[in-house]
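The next block is entry24.cif, given as mmCIF, C-alpha atoms.
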```cif
data_coords
loop_
_atom_site.label_atom_id
_atom_site.label_comp_id
_atom_site.auth_asym_id
_atom_site.auth_seq_id
_atom_site.Cartn_x
_atom_site.Cartn_y
_atom_site.Cartn_z
CA MET A 1 7.53 2.60 17.50
CA SER A 2 4.37 2.35 19.57
CA ARG A 3 1.03 1.51 18.02
CA PRO A 4 -1.45 4.38 17.70
CA PRO A 5 -5.17 3.80 18.35
CA VAL A 6 -6.82 1.98 15.48
CA ALA A 7 -9.20 4.86 14.68
CA VAL A 8 -6.32 7.34 14.51
CA ALA A 9 -4.24 5.03 12.33
CA LEU A 10 -7.07 4.38 9.86
CA THR A 11 -7.82 8.11 9.67
CA LEU A 12 -4.19 8.71 8.69
CA VAL A 13 -4.46 5.98 6.07
CA ALA A 14 -7.61 7.58 4.63
CA LEU A 15 -5.73 10.87 4.37
CA GLY A 16 -2.95 8.94 2.65
CA GLY A 17 -5.55 7.63 0.20
CA THR A 18 -6.63 11.19 -0.56
CA ALA A 19 -2.98 12.03 -1.21
CA SER A 20 -2.79 8.96 -3.45
CA ALA A 21 -5.60 10.30 -5.65
CA ALA A 22 -3.75 13.62 -5.98
CA GLN A 23 -0.48 11.80 -6.68
CA GLY A 24 -2.06 9.80 -9.49
CA ALA A 25 -3.44 12.95 -11.10
CA VAL A 26 -0.11 14.78 -10.79
CA ASN A 27 1.98 11.92 -12.18
CA ALA A 28 -0.44 11.33 -15.05
CA GLU A 29 -0.42 15.00 -16.06
CA LEU A 30 3.36 15.17 -15.90
CA GLY A 31 3.73 12.02 -17.99
CA GLN A 32 1.27 13.37 -20.54
CA ARG A 33 3.07 16.70 -20.87
CA VAL A 34 6.51 15.16 -21.34
CA GLY A 35 5.17 12.52 -23.72
CA ASN A 36 6.04 9.40 -21.71
CA ALA A 37 3.82 8.05 -18.93
CA SER A 38 6.67 6.26 -17.15
CA LEU A 39 8.50 9.56 -16.53
CA GLY A 40 5.82 10.54 -14.04
CA ALA A 41 6.72 7.49 -11.96
CA VAL A 42 10.43 8.27 -12.32
CA VAL A 43 10.01 11.83 -11.02
CA ASN A 44 7.79 10.48 -8.24
CA ASN A 45 10.38 7.99 -7.00
CA LEU A 46 13.39 10.25 -7.43
CA GLY A 47 11.55 12.92 -5.46
CA GLY A 48 10.84 10.39 -2.73
CA CYS A 49 14.49 9.34 -2.64
CA LEU A 50 15.55 12.97 -2.34
CA LEU A 51 13.27 13.39 0.66
CA VAL A 52 14.71 10.22 2.15
CA LEU A 53 18.21 11.69 1.86
CA VAL A 54 17.02 14.86 3.56
CA GLY A 55 15.45 12.70 6.25
CA LEU A 56 18.75 10.92 6.86
CA LEU A 57 20.30 14.30 7.63
CA ALA A 58 17.42 15.82 9.56
CA LEU A 59 15.59 12.97 11.31
CA PRO A 60 17.34 11.07 14.11
CA SER A 61 14.47 8.54 14.04
CA MET A 62 15.43 7.52 10.50
CA ARG A 63 19.09 7.03 11.38
CA THR A 64 18.38 5.15 14.60
CA GLY A 65 15.69 3.11 12.84
CA LEU A 66 18.06 2.03 10.08
CA ALA A 67 20.68 1.17 12.70
CA ALA A 68 18.10 -0.95 14.53
CA LEU A 69 17.31 -2.75 11.26
CA ARG A 70 20.94 -3.76 10.88
CA ARG A 71 20.83 -5.29 14.36
CA SER A 72 17.46 -7.00 13.91
CA ARG A 73 18.66 -9.52 11.30
CA LEU A 74 15.28 -9.73 9.63
CA PRO A 75 15.04 -12.15 6.67
CA TRP A 76 16.13 -10.60 3.38
CA TRP A 77 12.70 -10.92 1.81
CA THR A 78 11.12 -8.58 4.36
CA TYR A 79 13.00 -5.72 2.68
CA LEU A 80 11.28 -6.27 -0.68
CA GLY A 81 8.02 -4.45 0.08
CA GLY A 82 8.92 -1.61 -2.26
CA LEU A 83 8.71 -4.03 -5.19
CA GLY A 84 4.94 -4.12 -4.69
CA GLY A 85 4.67 -0.42 -5.49
CA ALA A 86 6.91 -0.82 -8.53
CA ALA A 87 4.88 -3.83 -9.70
CA ILE A 88 1.57 -1.99 -9.74
CA VAL A 89 3.14 0.78 -11.86
CA VAL A 90 4.41 -1.77 -14.39
CA PHE A 91 1.18 -3.78 -14.45
CA ALA A 92 -0.94 -0.67 -14.87
CA ALA A 93 1.12 0.46 -17.86
CA TYR A 94 0.20 -2.75 -19.72
CA ALA A 95 -3.30 -3.42 -18.40
CA VAL A 96 -5.03 -0.03 -18.23
CA PRO A 97 -4.90 0.72 -21.99
CA VAL A 98 -6.69 -2.57 -22.68
CA LEU A 99 -8.99 -3.03 -19.68
CA GLY A 100 -9.79 0.61 -19.01
CA VAL A 101 -9.32 2.39 -15.69
CA ALA A 102 -12.61 1.15 -14.22
CA VAL A 103 -12.03 -2.57 -14.71
CA PHE A 104 -8.37 -2.31 -13.73
CA THR A 105 -9.24 -0.49 -10.51
CA ILE A 106 -11.91 -3.03 -9.53
CA ALA A 107 -9.55 -5.94 -10.24
CA GLN A 108 -6.73 -4.28 -8.31
CA VAL A 109 -8.92 -3.73 -5.25
CA ALA A 110 -10.13 -7.32 -5.46
CA GLY A 111 -6.51 -8.46 -5.45
CA GLY A 112 -5.71 -6.11 -2.59
CA SER A 113 -8.57 -7.58 -0.53
CA LEU A 114 -7.40 -11.13 -1.23
CA GLY A 115 -3.83 -10.17 -0.41
CA GLY A 116 -4.93 -8.40 2.76
CA LEU A 117 -6.93 -11.38 3.99
CA ALA A 118 -4.05 -13.76 3.24
CA SER A 119 -1.36 -11.52 4.75
CA ASP A 120 -3.37 -11.03 7.95
CA ARG A 121 -4.15 -14.75 8.18
CA ALA A 122 -0.48 -15.66 7.74
CA GLY A 123 0.68 -13.02 10.23
CA LEU A 124 2.96 -11.20 7.79
CA ALA A 125 2.14 -7.79 9.26
CA PRO A 126 3.44 -6.83 12.71
CA VAL A 127 -0.09 -6.70 14.14
CA GLY A 128 0.04 -10.50 14.31
CA ARG A 129 -2.12 -13.27 12.91
CA LEU A 130 -5.75 -12.32 12.35
CA PRO A 131 -8.33 -15.05 11.70
CA LEU A 132 -10.42 -15.41 8.58
CA THR A 133 -13.85 -14.47 9.89
CA VAL A 134 -17.22 -13.69 8.33
CA PRO A 135 -16.98 -9.94 9.14
CA ARG A 136 -13.55 -9.72 7.51
CA LEU A 137 -14.75 -11.56 4.40
CA ALA A 138 -17.83 -9.34 4.27
CA GLY A 139 -15.67 -6.22 4.60
CA ALA A 140 -13.45 -7.36 1.72
CA LEU A 141 -16.46 -8.01 -0.52
CA LEU A 142 -18.01 -4.66 0.42
CA GLY A 143 -14.77 -2.93 -0.52
CA VAL A 144 -14.80 -4.46 -4.00
CA ALA A 145 -18.49 -3.59 -4.38
CA ALA A 146 -17.77 0.00 -3.33
CA VAL A 147 -15.13 0.44 -6.02
CA ALA A 148 -17.38 -1.17 -8.62
CA LEU A 149 -20.14 1.26 -7.67
CA ALA A 150 -17.77 4.23 -7.87
CA GLN A 151 -16.75 3.22 -11.40
CA THR A 152 -20.33 3.28 -12.69
CA GLY A 153 -20.50 5.04 -16.03
CA GLN A 154 -16.77 4.80 -16.73
CA PRO A 155 -15.69 3.28 -20.07
CA VAL A 156 -14.87 -0.42 -20.13
CA GLY A 157 -12.20 -1.87 -22.38
CA ASP A 158 -11.61 -5.40 -23.58
CA LEU A 159 -11.96 -7.99 -20.82
CA ALA A 160 -8.71 -9.82 -21.52
CA VAL A 161 -8.40 -12.58 -18.92
CA GLY A 162 -4.62 -12.48 -18.74
CA LEU A 163 -4.46 -8.74 -18.11
CA LEU A 164 -7.36 -9.00 -15.66
CA LEU A 165 -5.34 -11.51 -13.63
CA LEU A 166 -2.34 -9.20 -13.91
CA ALA A 167 -4.38 -6.41 -12.32
CA VAL A 168 -5.44 -8.74 -9.50
CA ALA A 169 -1.79 -9.70 -8.99
CA GLY A 170 -0.95 -6.00 -8.75
CA GLY A 171 -3.44 -5.62 -5.92
CA VAL A 172 -1.90 -8.59 -4.11
CA ALA A 173 1.54 -7.02 -4.56
CA VAL A 174 0.38 -3.77 -2.96
CA ALA A 175 -1.03 -5.68 0.02
CA LEU A 176 2.29 -7.47 0.48
CA GLN A 177 4.08 -4.13 0.20
CA ALA A 178 2.09 -2.77 3.10
CA ALA A 179 2.66 -5.88 5.22
CA LEU A 180 6.42 -6.04 4.67
CA ASN A 181 6.96 -2.31 5.12
CA GLY A 182 5.05 -2.62 8.38
CA ARG A 183 7.47 -5.29 9.59
CA ILE A 184 10.40 -3.09 8.66
CA SER A 185 8.94 -0.22 10.67
CA ALA A 186 8.33 -2.51 13.64
CA ALA A 187 11.99 -3.48 13.65
CA GLY A 188 13.21 0.09 13.13
CA SER A 189 10.95 3.08 12.75
CA ALA A 190 8.30 4.44 10.41
CA ALA A 191 10.91 6.67 8.79
CA ALA A 192 13.17 3.66 8.21
CA GLY A 193 10.27 1.79 6.61
CA VAL A 194 9.68 4.66 4.18
CA ALA A 195 13.40 4.83 3.34
CA VAL A 196 13.66 1.12 2.57
CA ASN A 197 10.53 1.26 0.40
CA PHE A 198 11.94 3.97 -1.90
CA VAL A 199 15.45 2.52 -2.02
CA VAL A 200 14.04 -0.82 -3.20
CA SER A 201 11.38 0.45 -5.61
CA THR A 202 13.31 3.22 -7.39
CA PRO A 203 15.81 1.03 -9.33
CA VAL A 204 12.91 -1.07 -10.66
CA VAL A 205 10.98 2.03 -11.78
CA LEU A 206 14.11 3.39 -13.51
CA LEU A 207 14.65 0.06 -15.29
CA VAL A 208 11.05 -0.05 -16.52
CA ALA A 209 11.29 3.55 -17.75
CA ALA A 210 14.51 2.74 -19.59
CA LEU A 211 12.94 -0.29 -21.28
CA ALA A 212 9.99 1.92 -22.28
CA GLY A 213 12.38 4.33 -24.04
CA ALA A 214 11.91 7.19 -21.59
CA PHE A 215 15.59 8.16 -21.70
CA THR A 216 16.15 7.92 -25.46
CA GLY A 217 15.01 10.05 -28.37
CA PRO A 218 14.65 13.82 -28.36
CA SER A 219 15.50 15.83 -25.28
CA ILE A 220 12.73 16.15 -22.72
CA ARG A 221 11.10 19.54 -22.22
CA TRP A 222 10.03 19.70 -18.61
CA PRO A 223 6.84 21.71 -18.09
CA ASP A 224 6.33 24.58 -15.67
CA GLY A 225 4.12 24.18 -12.62
CA TRP A 226 5.62 23.22 -9.27
CA HIS A 227 2.66 20.99 -8.41
CA LEU A 228 3.66 18.56 -11.17
CA TYR A 229 6.75 17.59 -9.17
CA THR A 230 5.09 16.89 -5.82
CA GLY A 231 4.50 13.17 -6.47
CA GLY A 232 7.49 12.16 -4.36
CA LEU A 233 6.33 14.22 -1.39
CA LEU A 234 2.87 12.72 -1.63
CA GLY A 235 4.37 9.25 -2.03
CA VAL A 236 6.37 9.58 1.18
CA GLY A 237 3.20 10.52 3.05
CA ILE A 238 1.27 7.61 1.53
CA VAL A 239 3.89 5.01 2.44
CA ALA A 240 4.22 6.43 5.95
CA SER A 241 0.44 6.26 6.49
CA LEU A 242 0.36 2.63 5.34
CA VAL A 243 3.18 1.75 7.74
CA VAL A 244 1.21 3.24 10.63
CA GLY A 245 -2.06 1.62 9.57
CA VAL A 246 -0.67 -1.89 9.13
CA ARG A 247 0.92 -1.84 12.58
CA ALA A 248 -2.39 -0.89 14.19
CA ALA A 249 -5.13 -2.56 12.12
CA GLY A 250 -3.62 -5.17 9.81
CA VAL A 251 -3.39 -5.24 6.03
CA LEU A 252 -7.04 -5.72 5.04
CA ARG A 253 -8.54 -2.80 6.96
CA THR A 254 -5.58 -0.58 6.04
CA GLY A 255 -6.13 -1.34 2.36
CA LEU A 256 -9.86 -0.64 2.61
CA ALA A 257 -9.22 2.68 4.39
CA LEU A 258 -6.74 3.61 1.65
CA VAL A 259 -9.34 2.88 -1.04
CA GLY A 260 -11.91 4.98 0.81
CA GLY A 261 -9.47 7.88 0.95
CA GLN A 262 -8.70 7.48 -2.76
CA LEU A 263 -12.39 7.69 -3.64
CA ALA A 264 -12.84 10.74 -1.41
CA GLY A 265 -9.79 12.35 -3.02
CA ALA A 266 -11.10 11.59 -6.49
CA LEU A 267 -14.40 13.23 -5.55
CA LEU A 268 -12.58 16.35 -4.30
CA LEU A 269 -10.53 16.56 -7.49
CA ASP A 270 -13.67 16.24 -9.61
CA VAL A 271 -15.18 19.17 -7.74
CA LEU A 272 -12.13 21.43 -7.35
CA LEU A 273 -10.33 21.09 -10.69
CA PRO A 274 -11.42 23.64 -13.31
CA GLN A 275 -12.04 20.96 -15.94
CA GLY A 276 -13.41 18.42 -13.47
CA PRO A 277 -16.80 16.77 -14.04
CA GLY A 278 -18.13 17.93 -10.67
CA ALA A 279 -19.52 15.80 -7.87
CA ARG A 280 -20.47 12.31 -8.99
CA LEU A 281 -22.97 10.45 -6.88
CA PRO A 282 -21.50 6.96 -7.59
CA VAL A 283 -18.08 8.06 -6.27
CA LEU A 284 -19.62 9.52 -3.12
CA ALA A 285 -21.66 6.36 -2.57
CA GLY A 286 -18.55 4.22 -3.14
CA ALA A 287 -16.56 6.21 -0.59
CA LEU A 288 -19.31 5.81 2.03
CA LEU A 289 -19.64 2.10 1.28
CA THR A 290 -15.88 1.69 1.73
CA LEU A 291 -16.14 3.32 5.15
CA LEU A 292 -18.81 0.76 6.00
CA ALA A 293 -16.47 -1.99 4.76
CA VAL A 294 -13.73 -0.80 7.14
CA LEU A 295 -16.16 -0.89 10.06
CA VAL A 296 -17.57 -4.30 9.14
CA ALA A 297 -14.11 -5.84 8.71
CA GLY A 298 -13.19 -4.70 12.23
CA ARG A 299 -16.22 -6.21 13.94
CA SER A 300 -15.68 -9.05 16.35
CA PRO A 301 -17.78 -12.12 15.53
CA ARG A 302 -19.85 -13.67 18.26
CA ALA A 303 -17.38 -16.34 19.18
CA THR A 304 -17.01 -18.65 22.10
CA GLY A 305 -14.66 -16.95 24.47
CA GLY A 306 -11.61 -16.26 22.31
CA PRO A 307 -9.64 -13.28 23.59
CA ALA A 308 -10.03 -10.11 21.62
CA SER A 309 -7.06 -8.78 19.74
CA ALA A 310 -5.16 -6.02 21.44
CA THR A 311 -5.41 -4.03 18.23
CA GLY A 312 -9.18 -3.87 18.21
CA GLY A 313 -9.54 -6.64 15.64
CA PRO A 314 -11.67 -9.76 15.90
CA PRO A 315 -10.91 -12.37 18.54
CA VAL A 316 -8.89 -15.40 17.70
CA THR A 317 -10.52 -18.72 18.35
CA GLY A 318 -9.28 -22.27 18.16
CA PRO A 319 -5.99 -23.77 19.31
CA PRO A 320 -2.90 -21.59 19.45
CA PRO A 321 -0.76 -21.64 16.32
CA THR A 322 2.23 -23.91 16.15
CA ALA A 323 5.65 -23.06 14.89
CA ALA A 324 6.36 -23.68 11.25
CA SER A 325 8.80 -26.36 10.23
CA GLY A 326 11.09 -23.94 8.40
CA PRO A 327 14.25 -22.38 9.83
CA ALA A 328 14.24 -19.50 12.28
CA ALA A 329 13.33 -16.00 11.14
CA GLY A 330 16.86 -14.73 11.40
CA SER A 331 18.27 -17.32 9.02
CA GLY A 332 17.46 -15.37 5.87
CA SER A 333 15.41 -18.15 4.33
CA PRO A 334 11.96 -17.33 2.91
CA GLU A 335 10.59 -20.36 4.74
CA VAL A 336 10.30 -18.43 7.94
CA ASP A 337 8.16 -19.00 10.99
CA ILE A 338 5.54 -16.28 10.86
CA SER A 339 3.12 -17.78 13.37
CA VAL A 340 2.30 -15.53 16.30
CA ALA A 341 0.17 -15.69 19.36
CA ALA A 342 -3.47 -14.65 19.01
CA ASP A 343 -2.89 -11.12 20.17
CA GLY A 344 0.84 -11.06 20.61
CA PRO A 345 2.70 -7.93 19.51
CA PRO A 346 6.11 -8.20 17.80
CA GLU A 347 9.32 -8.38 19.75
CA PRO A 348 11.31 -5.13 20.10
CA ASP A 349 13.32 -6.10 17.01
CA GLY A 350 10.15 -6.39 14.95
CA ARG A 351 10.17 -10.17 14.53
CA LEU A 352 6.99 -12.07 15.12
CA VAL A 353 7.02 -14.57 17.95
CA PRO A 354 5.44 -18.05 18.01
#
```
Any chance you could put this one into structure tokens?
Amino acid sequence: MSRPPVAVALTLVALGGTASAAQGAVNAELGQRVGNASLGAVVNNLGGCLLVLVGLLALPSMRTGLAALRRSRLPWWTYLGGLGGAAIVVFAAYAVPVLGVAVFTIAQVAGGSLGGLASDRAGLAPVGRLPLTVPRLAGALLGVAAVALAQTGQPVGDLAVGLLLLAVAGGVAVALQAALNGRISAAGSAAAGVAVNFVVSTPVVLLVAALAGAFTGPSIRWPDGWHLYTGGLLGVGIVASLVVGVRAAGVLRTGLALVGGQLAGALLLDVLLPQGPGARLPVLAGALLTLLAVLVAGRSPRATGGPASATGGPPVTGPPPTAASGPAAGSGSPEVDISVAADGPPEPDGRLVP
């Protein structure tokens, strides 16, 4: 899978963010109509798995990508990216009723920015190791500020510290999801990365729904309206866009572009839905500020001669990274060498090289 230009990749991610806003609205409405919020997530993931099965039959790239994954011998933990998506669903179910949507969203984006900075610094994503620079820190802070601005006027719940930290942890989990799915796609294909994500996340979502009593009690009356069952289709598109973005621009900028797309999608829904509140200036300003954050995070600092990243990111300065003391990447141990050269792309099997 070749890397697309950074601008193209981030545009796809922003479109994925717009789809994410629509997905959230669809899943929430479905859960409300059937009387159990977790059933929206269940339908979402089962729909995604159904599309994955269709893809196995119709897309040679998915079959060849999965075959390449079997040969790549990636560590087992690289396949766990889908748990990040399941985690944010679980965390939101507990935290949103107490914190409110506004505070939860701000805390989640803050966690996503922290997770993006850390994942890029460690070299978890296939784009390679990206340094912790002033522009990248500024971009992360601008992203959090943009979401805070967009939530102006929204109700605030109780500021419970434990649940606030849980929301931050959810954001970190989503950043790790993007990084690990990107590594899977580098070793196989984008379609294979999407397939692995849904295969891993769906059992967790089903378990959470079962514990929440979604499958007990009176029989479920499923509502009419085909659009209520499109969450899985939207989810496949979102995961695919993140896979493309992470390979081209790293985790931080991909996450910021996703947030910008989500804000733009929320603005469109507010305007287009019959019962929507109409255009809200704070949301528009937040979306534009997020775009600025993406641009700022991608700026190269004025450094002393470090080579620029081949992906358009900031140059890497200082001595070249050294190999970690853990075992080799193919050993299956989580203590894996993830150091890469300053601008070195992954090997054909998707593993990062020292």
Any idea what's packed within 8 Å of A:Val243, counting all atoms listed in the file, ignoring anything in its chain fewer than 6 positions away? Could you give it as a list of chain:residue names?
A:Ala178, A:Asn181, A:Gly182, A:Ser185, A:Ala190, A:Gly193, A:Val194
Selection near stretch 40-50 of chain A, 7 Å with only C-alpha atoms, sequence-local residues under 6 positions removed, as a tab-separated table (two decimals) with C-alpha atoms, keeping the file's coordinate frame:
```tsv
chain	number	residue	atom	x	y	z
A	27	ASN	CA	1.98	11.92	-12.18
A	28	ALA	CA	-0.44	11.33	-15.05
A	30	LEU	CA	3.36	15.17	-15.90
A	31	GLY	CA	3.73	12.02	-17.99
A	198	PHE	CA	11.94	3.97	-1.90
A	199	VAL	CA	15.45	2.52	-2.02
A	202	THR	CA	13.31	3.22	-7.39
A	205	VAL	CA	10.98	2.03	-11.78
A	206	LEU	CA	14.11	3.39	-13.51
A	229	TYR	CA	6.75	17.59	-9.17
A	231	GLY	CA	4.50	13.17	-6.47
A	232	GLY	CA	7.49	12.16	-4.36
A	233	LEU	CA	6.33	14.22	-1.39
A	235	GLY	CA	4.37	9.25	-2.03
A	236	VAL	CA	6.37	9.58	1.18
```
When the PyMOL selection byres ((chain A and resi 103) around 12) is applied to the structure above, which residues does it catch, written out as a ChimeraX atom specification?
/A:92,95-102,104-110,144,147-161,163-168
Between A:Val26, A:Leu267, A:Leu53, A:Ala86, which residue has the minimum interatomic distance to A:Ser201, considering all atoms listed in the file?
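Among the listed residues, the smallest separation from A:Ser201 belongs to A:Ala86.
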Can you tell me, as lines of an AutoDock Vina configuration file, the centre and edge lengths (Å, one decimal) of the axis-aligned box enclosing all of stretch 114-118 of chain A's listed atoms after padding each side by 3 Å?
```
center_x = -5.6
center_y = -11.1
center_z = 1.4
size_x = 9.6
size_y = 11.4
size_z = 11.2
```
Is there a way to get, as number ranges by chain, all residues within 12 Å of the point (-21.2, -8.8, 3.2) in file coordinates, counting all atoms listed in the file?
A: 133-146, 289-290, 292-297
The PyMOL selection byres ((chain A and resi 21-25) around 8) resolved against shown file, as an NGL selection string:
:A and (17-20 or 26-29 or 230-231 or 234-235 or 262-263 or 265-266 or 269)
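The space separating atom CA of A:Leu252 from atom CA of A:Ala122 comes to 12.2 Å.
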One decimal place gives the atom CA of A:Val8-atom CA of A:Arg253 separation as 12.8 Å
Taking into account all atoms listed in the file, which residue in the set A:Pro218, A:Pro75, A:Gly245, A:Gly128 is nearest to A:Leu10?
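Using all atoms listed in the file, A:Leu10 sits closest to A:Gly245.
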What is the distance between atom CA of A:Val239 and atom CA of A:Val259, in Å to one decimal?
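Atom CA of A:Val239 sits 13.8 Å away from atom CA of A:Val259.
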In terms of the shortest atom-to-atom distance over only C-alpha atoms, which of A:Val200, A:Ala192, A:Ala257, A:Gln275 is closest to A:Leu56?
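Looking only at the distances to A:Leu56, the closest residue turns out to be A:Ala192.
For A:Gly112, the list of residues within 7 Å, based on all atoms listed in the file and with local chain neighbours fewer than 4 positions off taken out, reads Gln108, Gly116, Gly171, Val172, Val174, Ala175 and Gly255 of chain A.
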Please identify all polymer residues within 12 Å of A:Phe215, counting all atoms listed in the file, omitting same-chain residues fewer than 4 positions from it, and present them as a VMD selection string.
chain A and resid 34 to 36 38 to 39 42 206 to 211 219 to 220
Nearest to A:Val54 among A:Ala212, A:Ala195, A:Leu258, A:Val271, with distances taken over all atoms listed in the file: which residue is it?
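For A:Val54, the nearest of the candidates is A:Ala195.
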